[in-house]
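Q: This structure is in structure tokens; I'll ask about it shortly.
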Number of protein chains: 2
Amino acid sequence: MVSTAAFAEIAALAGEPARAAMLQALMEGRALTAGELARAAGVTPQTASGHLARMAGAGLVAVEKQGRHRYHRLASPAVAQMVEGIMQIAATRPAPVRRLVVGPRDEALRRARTCYDHLAGRLGVALADALVAAGHAEIEPEAASLTASGVDLLASLGIDLPSPAAGRRARMLCRPCLDWSERRPHLGGAVGAALCSHCLAQGWIRRIEGSRAVAVTRRGEEALRRHFGIVLT
Amino acid sequence: MVSTAAFAEIAALAGEPARAAMLQALMEGRALTAGELARAAGVTPQTASGHLARMAGAGLVAVEKQGRHRYHRLASPAVAQMVEGIMQIAATRPAPVRRLVVGPRDEALRRARTCYDHLAGRLGVALADALVAAGHAEIEPEAASLTASGVDLLASLGIDLPSPAAGRRARMLCRPCLDWSERRPHLGGAVGAALCSHCLAQGWIRRIEGSRAVAVTRRGEEALRRHFGIVLT
DNA sequence: CTTATGTTTCGGAGAAGACCGTAACACCGG
DNA sequence: CCGGTGTTACGGTCTTCTCCGAAACATAAG
């Protein structure tokens, strides 16, 4: 058995508000400094440092020294998936008191955001829906797959997909990810990551500072409409 | 954002040793009484009762009254997936002190066990490998799929698969699940569950009391060899 | 009705852990 | 070599939460 103690320790690490906030902040996929994470969690740098040391020791975050900064990121996609899993449950909880005022920050997040390394929110779901509608993908809650035409389309856009099994297969299995705000699956995993980084590289979207939200640029709107037929509301 | 508070609350619930033990016990997929869970966690019934009430309130476990017993089970497959995700990380942690003596109980678990609703351990992985080798399935870390021949095979064995999209598609996407003891993917999700329950129903395997381990019966050995070409070491 | 079993509620004791202030330590740029 | 900034270590306070004993409640059986 995965020792209950080890299980509890990992979960307990994620179960403290300050550390939880840091993990969520790291879900934007970038590496952040201890100071940034301290601000994100609303604690002093000393406190954050202690938390980060513990999480690093447990293999939740990886640290990279660079000059006088120490960049922290999630240790692996597996950790991101664990965080996703917890968020999934947390999101299905009945809201204790329905927040009447949903800030603009929330609205931006629901519209488009990153989920570790891929796109989520209405944008992520719209992208997934568009691919399915055009026969480029099959997406179910448990698994997903790019069809041959989907692989071709992405290749024609210059998105280089990882090539498992020498990439000789026309179809390509990929990971679905249940969107917590839309409650519908979107594309995650390596394919989702490739799509997301391509959108960023092409300037179709850009990150909004200090948040996991992303903004769709004017050029992005046009590109998404032309290539995928998406018009984001 | 999924409020950090909600996220932390869920993780904290899973992060207390007694509750963690209960969640792990519930991963065998059956509904257990409060008393059984108390024993599994090594606490008194009063303590367990309190924990279970909190977890039920948070939507982690579902309760069903039956006479003077109250049966508790994981509230949803999503919760099982969250637990799996945490176990994944806990399993990759460097073992603090390598346990030299691995009990027979551990050996049984590594050989064959249930993972919420499907098979895991060497049996689960061998089953997955056999299906892949025979061209009945494609399994990758991120996603998996039964091929047309796989769907036919299972149908011919009398395993009724869930039929998404009216089941008119020959192929069937399904969920891979990384085995924590074997570190390789096996079949989970609805297809894995169908396979597992069929094995149980046919008497090919039987549960070992008080554990997530299962034993392969003599009849099961033969059936697994005949239908899938599996010889479990 | 009475007894036995399973479960929940209540209250207090005890332990664990988060937090910050202060101070020391590393590294960059000049 | 020397400020300035980002980060880590230490010590003490404080809150939080787990845990069990005792007792009440619910249900089934005799």
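Letters A, B, ... mark the chains of the structure tokens in the order given; residue numbers begin at 1 per chain; ligand numbers begin at 1, in order shown.
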Mind checking which residues fall within 12 Å of DG30 in chain D, counting only C-alpha atoms (C1' of nucleotides), ignoring those fewer than 4 positions away in the same chain, and posting them as a compact mmCIF listing (two decimals) with N, CA and C atoms (P, O5', C5', C4', C3', O3' and C1' of nucleotides), in the first residue's frame?
A:
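This went into around.txt:
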```
# COMPACT_ATOMS: atom_id res chain seq x y z
P DC C 1 -43.21 -0.64 25.63
O5' DC C 1 -42.47 -1.85 26.35
C5' DC C 1 -43.18 -2.52 27.39
C4' DC C 1 -42.25 -3.51 28.01
C3' DC C 1 -40.91 -2.94 28.42
O3' DC C 1 -40.45 -3.63 29.59
C1' DC C 1 -40.61 -4.55 26.71
P DT C 2 -39.12 -3.05 30.33
O5' DT C 2 -37.98 -3.96 29.70
C5' DT C 2 -38.07 -5.39 29.83
C4' DT C 2 -36.85 -6.03 29.21
C3' DT C 2 -35.52 -5.33 29.51
O3' DT C 2 -34.54 -6.29 29.86
C1' DT C 2 -35.80 -5.58 27.18
P DT C 3 -33.09 -5.84 30.38
O5' DT C 3 -32.18 -6.28 29.16
C5' DT C 3 -32.32 -7.60 28.63
C4' DT C 3 -31.54 -7.73 27.35
C3' DT C 3 -30.12 -7.14 27.40
O3' DT C 3 -29.19 -8.13 26.96
C1' DT C 3 -31.28 -6.37 25.49
P DA C 4 -27.62 -7.82 27.01
O5' DA C 4 -27.33 -7.54 25.47
C5' DA C 4 -27.69 -8.53 24.51
C4' DA C 4 -27.31 -8.05 23.11
C3' DA C 4 -25.91 -7.44 23.03
O3' DA C 4 -25.27 -7.91 21.85
C1' DA C 4 -27.51 -5.90 22.24
```
Q: Would you tabulate, counting only C-alpha atoms (C1' of nucleotides), all residues of chain D that have an atom at most 8 Å from an atom of chain A, showing the closest pair of atoms and their distance in Å to one decimal, sorted by chain then ascending number, as a Markdown table?
A:
```
| residue | atom | partner | partner_atom | distance |
| --- | --- | --- | --- | --- |
| D:DG6 | C1' | A:Arg68 | CA | 6.1 |
| D:DT7 | C1' | A:Ser49 | CA | 7.4 |
| D:DT8 | C1' | A:Ser49 | CA | 7.1 |
```
Q: Would you mind exporting N, CA, C and O atoms (P, O5', C5', C4', C3', O3' and C1' of nucleotides) of the selected residues as a JSON list (two decimals), in the first residue's frame?
A:
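Saved the output as selection_27.json:
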```json
[["chain", "number", "residue", "atom", "x", "y", "z"],
["D", 6, "DG", "P", 13.67, 42.37, -4.29],
["D", 6, "DG", "O5'", 13.94, 40.81, -4.04],
["D", 6, "DG", "C5'", 14.71, 40.08, -4.99],
["D", 6, "DG", "C4'", 15.21, 38.81, -4.36],
["D", 6, "DG", "C3'", 14.12, 37.92, -3.73],
["D", 6, "DG", "O3'", 14.25, 36.59, -4.21],
["D", 6, "DG", "C1'", 15.89, 38.26, -2.21],
["D", 7, "DT", "P", 13.21, 35.50, -3.78],
["D", 7, "DT", "O5'", 13.92, 34.78, -2.56],
["D", 7, "DT", "C5'", 15.15, 34.08, -2.80],
["D", 7, "DT", "C4'", 15.74, 33.60, -1.48],
["D", 7, "DT", "C3'", 14.84, 32.66, -0.68],
["D", 7, "DT", "O3'", 15.43, 31.37, -0.66],
["D", 7, "DT", "C1'", 15.96, 34.25, 0.71],
["D", 8, "DT", "P", 14.67, 30.21, 0.07],
["D", 8, "DT", "O5'", 15.40, 30.18, 1.48],
["D", 8, "DT", "C5'", 16.78, 29.82, 1.56],
["D", 8, "DT", "C4'", 17.26, 29.96, 2.99],
["D", 8, "DT", "C3'", 16.61, 29.02, 4.00],
["D", 8, "DT", "O3'", 17.62, 28.35, 4.73],
["D", 8, "DT", "C1'", 16.59, 31.24, 4.80]]
```
Q: By how many Å are CA of Trp180 in chain A and CA of Glu36 in chain A apart?
A: 25.1 Å
Q: What is the CA of Glu209 in chain A to CA of Ala14 in chain A distance in Å?
A: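 Between these atoms lies a distance of 24.0 Å.
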Q: Using backbone DSSP assignments, extract all alpha helix (DSSP H) residues from range 102-205 of chain A; output them as a PyMOL selection string.
A: chain A and resi 104-111+121-133+148-156+189-201
Q: Could you take the residues named above and write them with C-alpha atoms, as a compact mmCIF listing (two decimals), in the first residue's frame?
A:
```txt
# COMPACT_ATOMS: atom_id res chain seq x y z
CA PRO A 104 -13.89 41.08 -13.49
CA ARG A 105 -10.94 38.91 -12.52
CA ASP A 106 -13.26 35.93 -12.21
CA GLU A 107 -14.89 36.74 -15.52
CA ALA A 108 -11.50 36.85 -17.24
CA LEU A 109 -10.63 33.49 -15.73
CA ARG A 110 -13.85 31.92 -16.88
CA ARG A 111 -13.34 33.29 -20.34
CA GLY A 121 -12.22 28.25 -19.70
CA ARG A 122 -14.66 29.10 -22.48
CA LEU A 123 -11.75 29.38 -24.90
CA GLY A 124 -10.42 25.92 -24.08
CA VAL A 125 -13.84 24.35 -24.35
CA ALA A 126 -14.68 26.19 -27.54
CA LEU A 127 -11.46 25.00 -29.09
CA ALA A 128 -12.24 21.43 -28.11
CA ASP A 129 -15.80 21.70 -29.40
CA ALA A 130 -14.65 23.17 -32.68
CA LEU A 131 -12.19 20.34 -33.24
CA VAL A 132 -14.86 17.78 -32.49
CA ALA A 133 -17.43 19.46 -34.71
CA ALA A 148 -6.08 11.80 -38.77
CA SER A 149 -7.47 15.07 -40.08
CA GLY A 150 -6.82 16.69 -36.72
CA VAL A 151 -3.21 15.63 -36.77
CA ASP A 152 -2.92 17.02 -40.28
CA LEU A 153 -4.56 20.30 -39.36
CA LEU A 154 -2.24 20.95 -36.46
CA ALA A 155 0.76 19.96 -38.53
CA SER A 156 -0.31 22.38 -41.27
CA GLY A 189 -1.88 16.85 -21.96
CA ALA A 190 0.81 17.12 -24.56
CA VAL A 191 -1.56 18.07 -27.38
CA GLY A 192 -3.21 20.75 -25.28
CA ALA A 193 0.19 22.06 -24.28
CA ALA A 194 1.34 22.25 -27.89
CA LEU A 195 -1.80 24.15 -28.86
CA CYS A 196 -1.42 26.54 -25.96
CA SER A 197 2.23 27.32 -26.53
CA HIS A 198 1.52 27.84 -30.22
CA CYS A 199 -1.21 30.34 -29.42
CA LEU A 200 1.19 32.18 -27.12
CA ALA A 201 4.03 32.07 -29.61
```
Q: Given only C-alpha atoms, how would the per-residue table for chain A near chain B read, listing every residue at most 8 Å away with its closest atom pair and distance in Å to one decimal, sorted by chain and number, as CSV?
A:
```
residue,atom,partner,partner_atom,distance
A:Met1,CA,B:Asp106,CA,6.5
A:Val2,CA,B:Ala91,CA,5.9
A:Thr4,CA,B:Ala21,CA,5.8
A:Ala5,CA,B:Pro17,CA,6.3
A:Ala6,CA,B:Ala90,CA,5.5
A:Phe7,CA,B:Ala90,CA,5.3
A:Ala8,CA,B:Gly15,CA,4.3
A:Glu9,CA,B:Gly15,CA,6.2
A:Ile10,CA,B:Ala90,CA,6.3
A:Ala11,CA,B:Gly15,CA,4.2
A:Ala12,CA,B:Gly15,CA,3.8
A:Leu13,CA,B:Gly15,CA,7.4
A:Ala14,CA,B:Ala11,CA,5.7
A:Gly15,CA,B:Ala12,CA,3.8
A:Glu16,CA,B:Ala8,CA,5.6
A:Pro17,CA,B:Ala8,CA,5.3
A:Ala20,CA,B:Ala8,CA,5.6
A:Ala21,CA,B:Thr4,CA,5.8
A:Gln24,CA,B:Thr4,CA,7.6
A:Ala58,CA,B:Arg93,CA,6.6
A:Gly59,CA,B:Arg93,CA,6.5
A:Leu60,CA,B:Ile89,CA,7.8
A:Ala78,CA,B:Ile89,CA,7.0
A:Val79,CA,B:Ile89,CA,6.6
A:Gln81,CA,B:Gly85,CA,6.6
A:Met82,CA,B:Gly85,CA,4.6
A:Gly85,CA,B:Met82,CA,4.6
A:Ile86,CA,B:Met82,CA,5.8
A:Met87,CA,B:Phe7,CA,5.9
A:Gln88,CA,B:Ala78,CA,7.4
A:Ile89,CA,B:Val79,CA,6.6
A:Ala90,CA,B:Phe7,CA,5.3
A:Ala91,CA,B:Val2,CA,5.9
A:Arg93,CA,B:Gly59,CA,6.5
A:Asp106,CA,B:Met1,CA,6.4
A:Leu109,CA,B:Met1,CA,7.0
A:Glu140,CA,B:Leu173,CA,7.3
A:Glu142,CA,B:Arg175,CA,4.8
A:Ala143,CA,B:Ala143,CA,5.1
A:Ala144,CA,B:Ala143,CA,6.4
A:Ser145,CA,B:Ala143,CA,7.7
A:Leu173,CA,B:Ala143,CA,5.5
A:Cys174,CA,B:Ala143,CA,5.3
A:Arg175,CA,B:Glu142,CA,4.8
A:Trp180,CA,B:Val2,CA,7.9
A:Gly189,CA,B:Glu142,CA,6.7
```
Q: With a cut-off of 10 Å and counting only C-alpha atoms (C1' of nucleotides), select all residues of chain C in contact with chain A and give the selection as a list in words.
A: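 Result, ordered by chain then number: DA18, DC19, DC20, DA26, DC27 and DC28 of chain C.
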Q: Can you work out the spacing between C1' of DC14 in chain D and C1' of DT22 in chain C in Å, to one decimal?
A: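 Taking C1' of DC14 in chain D as the start and C1' of DT22 in chain C as the end point, the length is 18.4 Å.
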